[in-house]
Every structure is written in C-alpha cells, then in structure tokens.
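Asker: Before we start, here is the structure in question, set down as structure tokens.
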Amino acid sequence: MLTTIFLLKSKNLDKLSNFDVYSYPNDILKGKNKDFIKEIIIGHEKEVQKIKNHNNLNNIKKTEKKAPCNEDYKLDQPIPQIINDKNIYTLCINNEMIIGLIFEKDDNPCDYRDIFIELSNEMLNNENFYSFDDETDIENFLISLFIDIRRYGDEYIEKKPLYLFKSIGFFIKVFLFGIDGVGKTSFVKRVKTGEYVDNYFAPTRTFNIEYVDKQQGQLAFWDMPGQRLFREKWLKGIQESNILIYMIDIANQLRFNEAKNELWEMLRRKELNGIPLIIAGNKVDLIEDVVINGKEKQLTTIEKEIIEYFNLNKIKDREWELILTSVKTNYNIEKVIDTIINLTR
Ligand SMILES: Nc1nc2c(ncn2[C@@H]2O[C@H](COP(=O)(O)OP(=O)(O)O)[C@@H](O)[C@H]2O)c(=O)[nH]1
Ligand SMILES: [Mg+2]
C-alpha cells in the first residue's frame, strides 16, 4: 500500500544544495536530515545512468517508452530504490522535480508503474493547470495523486473486496473557512493537540493542513487563511472536500455583516453545491449572559439570533447545522467532530 507521496523541487536537481520538500500525509523530513533527500536524488540519478549505459551497450537507440502524451511536462521513467529501509519509487519531471512514492516493505513498486505515469501525466498535462510555484497547487496535486494511486492499489493490486476498504477507515477532508480572527487555526490546533494557547497565533498566511487520526479513520483540516487577500485562493482548496465548516466569532458583532456576506458569497459558488455545512459560532465563552448565567436558555436565544441574522434557514441545497463552540474552554469541540463524521458518513 502507498503510505506517502512527496515532491522534491529544485531549479536544477543536479545541484544538491537548494530544494524544497513537500510530502503527504507524513512529513518525510521528520527525524531525518536532508541527507535522506539527497540520497534519494543521487540514487535516482545512478539508476537513470545505469539504464542509459545499458541501452548504449546494446546499441539501442533511446527507446525510453514515452509517456502517452508530452506537452508541457516531460515525465521520465520511474525508478524503484530502497533507501533507509524505505521502499521508494521516484519519477523525474523536466529535470526540475521528483515525485516520489513510498510503499510498504512488501509491495512491489513496479506494480504501480503504469498507473503512476498515466495519472501523473493526466494530471499535469491534461487536467487543471498546476503551478508548482504555488504551495496550494502543490498540496492539491499531491493529495489528488495520493488518493488516486491508493484507490488503484486497493482495487487492483491488493485485490481487496471494496467493502473492506471501509475497515481501513474513512478519510474526510474538512474545508474550514471564515473571516480572520474567528478562531480557525486555534480550533485545528485544539482538535489536533488538545491545547489552547491564547494570542499565540500569527494570522495564517498559507494553507494550514492538519491531519487528525480518529479511531475510525482520518480527518484532514484545511484551514484557510482569512485575510481578504487570500480568500480567492480558498476556492482551490475546495476540490474533493467532504464537508465545510464556516466559523463565526459570535462575540464580534461589528463584523457580522462582513461574515454574513462572506458566507453567502461562498454558498452561491457551484463548486460548493451540496457539500454539508457546519456553522461554528465560536468564542461563546465571551458572551456575558452565558458566562454569568451559563444557561442553556441563553444559548438557544443566541442560536436563534444567529440563524436569523445569517439567514441560515435559507440554506436549502445542503444539510447544515449550527453549533456554538468555544475553542478556549473546549466547549462543543467534540460535538463538532461527531457532527463532521455524522454528516459525511
Ligand atoms: N475567547 C476566545 N478566544 C478565542 C477562541 N478561539 C480563538 N480565540 C482567539 O482569537 C484569536 C484569533 O484566533 P485564530 O485561531 O488565529 O483565528 P483565525 O484567524 O480564524 O485562524 C486568537 O487570539 C485566539 O486566541 C475562543 O473560543 N474564545
Ligand atoms: Mg488562522
């Protein structure tokens, strides 16, 4: 089974000094230094050289099987190698990037040869345009390729009946959005680590993607940067999301109007059609009535007010639920997780 996908990017892969490393879902640099990456690149080059020499010896013209279609990106042949006990399959693109797959030990990477080339080629040369200067695009690319190869492996290589797929667990992609300062990043941190740190976070500038393991499967939270400048980029992250969470700061009524417009602007987009929605009314700990009286009655009143103000009853094209939360006091955070699972299963 495929366990990890990664991408190494450099202006010139032969120069081993400067490269960027992206990986999904595991961080391949964790606990290792960049030498591991260098070994992968050197190992790849060595094998390519061997193939070339072999072809020359046998006087074969360069008959490297071409990928089905070569437009913008030129894909080489994938090279299997074992480095640091890891079973790795690397594919070089335009001599600037290497896509790598890491498999479990008893897998044969060559079983995945055709699908690796075909899917990469299809995604790079026939589908959307992925700019590899853009982190969001790179994340999107890696996740899509990972999911497709994994699916292929489950269906064709391991020949497992489909219903067993479920027992491996679910994978839910959660698209978390909302204007800046409402508590999105704090929420993801709370879910992942159980911690809350007041005023700790700088505004999120890039995608923050966190994976949270639950007993029954895995959740991926895509935490969108809230600042206006980055909002257009949200849309790129929507692909294949299973559920949306729209977070509101219920203690900051001055920005309600802005938050409402933002929500409805997003709900009108056709890319979002039908995807279930949780509206998280966060920072409930700051509402005086609740703090002082702590009564469910006050909460119900607040819920009603929010439903009315944000026109939530007009949402007809999807399932939705409003949940009041406090990331700070951990109020209803588990309920959000349970609701994510209920609305997507
Ligand atoms: N009182 C209170 N403050 C919160 C809560 N959640 C987040 N915050 C604070 O709100 C601010 C903005 O949070 P952040 O997670 O960066 O918001 P983001 O911009 O939506 O990612 C930070 O100072 C957080 O500590 C909450 O439930 N209650
Ligand atoms: Mg943030």
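Order determines the names: the first chain of the structure tokens is A, the second B, and so forth; residues in each chain are numbered 1 upward, and ligands are numbered 1 upward as they are shown.
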What's around Phe116 of chain A at 9 Å? Count only C-alpha atoms, leave out sequence neighbours fewer than 5 positions away in its own chain, and write the answer as a PyMOL selection string.

Answerer: chain A and resi 78+91+121+145+149

Asker: Determine, counting only C-alpha atoms, which protein, DNA and RNA residues have an atom within 8 Å of an atom of segment 321-323 of chain A; residues of the same chain fewer than 5 positions away are not included. Present the result as a list in words.

Answerer: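 The residues satisfying every condition are Leu277, Ile278, Ile279, Ala280, Gly281, Glu303, Ile307, Asn332 and Val336 of chain A.
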
Asker: Between A:Gly178, A:Gly100, A:Gly169, A:Pro25, single out the one closest to ligand 1, counting only C-alpha atoms and all ligand atoms.

Answerer: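 The answer is A:Gly178, which sits nearest to ligand 1.
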
Asker: Using only C-alpha atoms, can you tell me which of A:Lys52, A:Leu324, A:Tyr24, A:Glu45 comes closest to Ser144 of chain A?

Answerer: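 Smallest separation from Ser144 of chain A among the options: A:Tyr24.
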
Asker: Using only C-alpha atoms and all ligand atoms, find the one residue out of A:Thr325, A:Asn95, A:Ser186, A:Gln218 that sits nearest to ligand 2.

Answerer: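 Selected residue with least distance to ligand 2: A:Ser186.
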
Asker: Between atom CA of Val197 of chain A and atom CA of Thr329 of chain A, what is the distance in Å, rounded to a tenth?

Answerer: 11.0 Å

Asker: Residues near segment 188-196 of chain A, anyone? I mean within 10 Å using only C-alpha atoms, not counting same-chain ones fewer than 3 positions away, as a count of residues only.

Answerer: 25

Asker: Just how far from atom CA of Asp111 of chain A is atom CA of Asp85 of chain A, in Å to one decimal?

Answerer: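 Here the two named atoms are 19.1 Å from each other.
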
Asker: Out of A:Lys34, A:Arg113, A:Lys173, A:Lys314, which residue has the shortest atom-to-atom distance to Asn140 of chain A when counting only C-alpha atoms?

Answerer: A:Lys173

Asker: Using only C-alpha atoms and all ligand atoms, which of A:Val182, A:Val284, A:Val48, A:Ile93 sits nearest ligand 2?

Answerer: A:Val182

Asker: Find, counting only C-alpha atoms, the residue in A:Asp249, A:Glu118, A:Glu39, A:Glu47 that gets nearest to Lys86 of chain A.

Answerer: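 Using only C-alpha atoms, Lys86 of chain A sits closest to A:Glu39.
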
Asker: Can you list, as a list of chain:residue names, every protein, DNA or RNA residue that comes within 10 Å of segment 253-269 of chain A when you count only C-alpha atoms, leaving out same-chain residues fewer than 4 positions away?

Answerer: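 Listing them by chain and then by number gives A:Phe177, A:Gly178, A:Ile179, A:Asp180, A:Val182, A:Arg228, A:Arg231, A:Trp234, A:Leu235, A:Tyr246, A:Met247, A:Ile248, A:Asp249, A:Asn273, A:Gly274, A:Ile275, A:Leu277, A:Ile279, A:Ile306, A:Tyr309, A:Phe310, A:Asn311, A:Leu312, A:Ile315, A:Asp317, A:Arg318.
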
Asker: Limited to N, CA and C atoms, could you put the picked residues into a file as an mmCIF file, in the first residue's frame?

Answerer:
data_model
loop_
_atom_site.group_PDB
_atom_site.id
_atom_site.type_symbol
_atom_site.label_atom_id
_atom_site.label_comp_id
_atom_site.auth_asym_id
_atom_site.auth_seq_id
_atom_site.Cartn_x
_atom_site.Cartn_y
_atom_site.Cartn_z
ATOM 1 N N PHE A 177 -13.383 27.490 6.836
ATOM 2 C CA PHE A 177 -13.182 28.866 6.394
ATOM 3 C C PHE A 177 -13.922 29.859 7.279
ATOM 4 N N GLY A 178 -13.735 31.131 7.008
ATOM 5 C CA GLY A 178 -14.286 32.173 7.863
ATOM 6 C C GLY A 178 -13.353 33.370 7.810
ATOM 7 N N ILE A 179 -13.871 34.553 8.165
ATOM 8 C CA ILE A 179 -13.006 35.724 8.114
ATOM 9 C C ILE A 179 -11.898 35.585 9.173
ATOM 10 N N ASP A 180 -10.914 36.474 9.111
ATOM 11 C CA ASP A 180 -9.765 36.336 10.000
ATOM 12 C C ASP A 180 -10.132 36.589 11.471
ATOM 13 N N VAL A 182 -11.434 34.574 13.784
ATOM 14 C CA VAL A 182 -12.592 33.932 14.412
ATOM 15 C C VAL A 182 -12.207 32.703 15.243
ATOM 16 N N ARG A 228 -8.524 38.994 3.466
ATOM 17 C CA ARG A 228 -9.159 39.227 2.181
ATOM 18 C C ARG A 228 -8.282 38.821 0.994
ATOM 19 N N ARG A 231 -8.485 35.219 0.102
ATOM 20 C CA ARG A 231 -9.752 34.490 0.030
ATOM 21 C C ARG A 231 -10.008 33.823 -1.311
ATOM 22 N N TRP A 234 -9.069 30.296 -1.497
ATOM 23 C CA TRP A 234 -9.879 29.288 -0.836
ATOM 24 C C TRP A 234 -10.420 28.275 -1.834
ATOM 25 N N LEU A 235 -10.863 28.841 -2.942
ATOM 26 C CA LEU A 235 -11.584 28.003 -3.893
ATOM 27 C C LEU A 235 -10.760 26.830 -4.371
ATOM 28 N N TYR A 246 -17.941 26.661 8.485
ATOM 29 C CA TYR A 246 -17.814 28.115 8.429
ATOM 30 C C TYR A 246 -17.789 28.631 9.861
ATOM 31 N N MET A 247 -16.703 29.283 10.241
ATOM 32 C CA MET A 247 -16.578 29.729 11.628
ATOM 33 C C MET A 247 -16.880 31.222 11.755
ATOM 34 N N ILE A 248 -17.640 31.529 12.801
ATOM 35 C CA ILE A 248 -18.017 32.916 13.081
ATOM 36 C C ILE A 248 -17.524 33.243 14.485
ATOM 37 N N ASP A 249 -17.122 34.474 14.722
ATOM 38 C CA ASP A 249 -16.826 34.941 16.078
ATOM 39 C C ASP A 249 -18.101 35.600 16.594
ATOM 40 N N ASN A 273 -21.739 23.242 -4.181
ATOM 41 C CA ASN A 273 -23.095 22.698 -4.191
ATOM 42 C C ASN A 273 -23.222 21.381 -3.447
ATOM 43 N N GLY A 274 -24.172 21.351 -2.514
ATOM 44 C CA GLY A 274 -24.498 20.075 -1.895
ATOM 45 C C GLY A 274 -23.562 19.615 -0.785
ATOM 46 N N ILE A 275 -22.414 20.248 -0.635
ATOM 47 C CA ILE A 275 -21.493 19.806 0.414
ATOM 48 C C ILE A 275 -22.044 20.251 1.778
ATOM 49 N N LEU A 277 -22.640 21.473 5.594
ATOM 50 C CA LEU A 277 -22.024 22.652 6.207
ATOM 51 C C LEU A 277 -22.264 22.673 7.713
ATOM 52 N N ILE A 279 -21.927 25.407 10.734
ATOM 53 C CA ILE A 279 -21.591 26.775 11.105
ATOM 54 C C ILE A 279 -21.181 26.734 12.569
ATOM 55 N N ILE A 306 -28.532 34.063 15.618
ATOM 56 C CA ILE A 306 -27.563 33.839 14.542
ATOM 57 C C ILE A 306 -28.248 33.282 13.297
ATOM 58 N N TYR A 309 -29.960 36.249 11.748
ATOM 59 C CA TYR A 309 -29.069 37.262 11.165
ATOM 60 C C TYR A 309 -28.377 36.740 9.903
ATOM 61 N N PHE A 310 -27.915 35.501 9.965
ATOM 62 C CA PHE A 310 -27.159 34.953 8.830
ATOM 63 C C PHE A 310 -28.060 34.267 7.794
ATOM 64 N N ASN A 311 -29.376 34.379 7.989
ATOM 65 C CA ASN A 311 -30.321 33.783 7.031
ATOM 66 C C ASN A 311 -30.121 32.287 6.829
ATOM 67 N N LEU A 312 -29.772 31.604 7.890
ATOM 68 C CA LEU A 312 -29.406 30.192 7.716
ATOM 69 C C LEU A 312 -30.583 29.340 7.237
ATOM 70 N N ILE A 315 -30.793 28.249 3.627
ATOM 71 C CA ILE A 315 -29.908 27.231 3.034
ATOM 72 C C ILE A 315 -30.726 25.978 2.761
ATOM 73 N N ASP A 317 -29.931 23.815 -0.131
ATOM 74 C CA ASP A 317 -29.306 22.889 -1.078
ATOM 75 C C ASP A 317 -28.313 21.949 -0.416
ATOM 76 N N ARG A 318 -28.333 21.892 0.907
ATOM 77 C CA ARG A 318 -27.389 21.029 1.596
ATOM 78 C C ARG A 318 -27.848 20.851 3.044
#
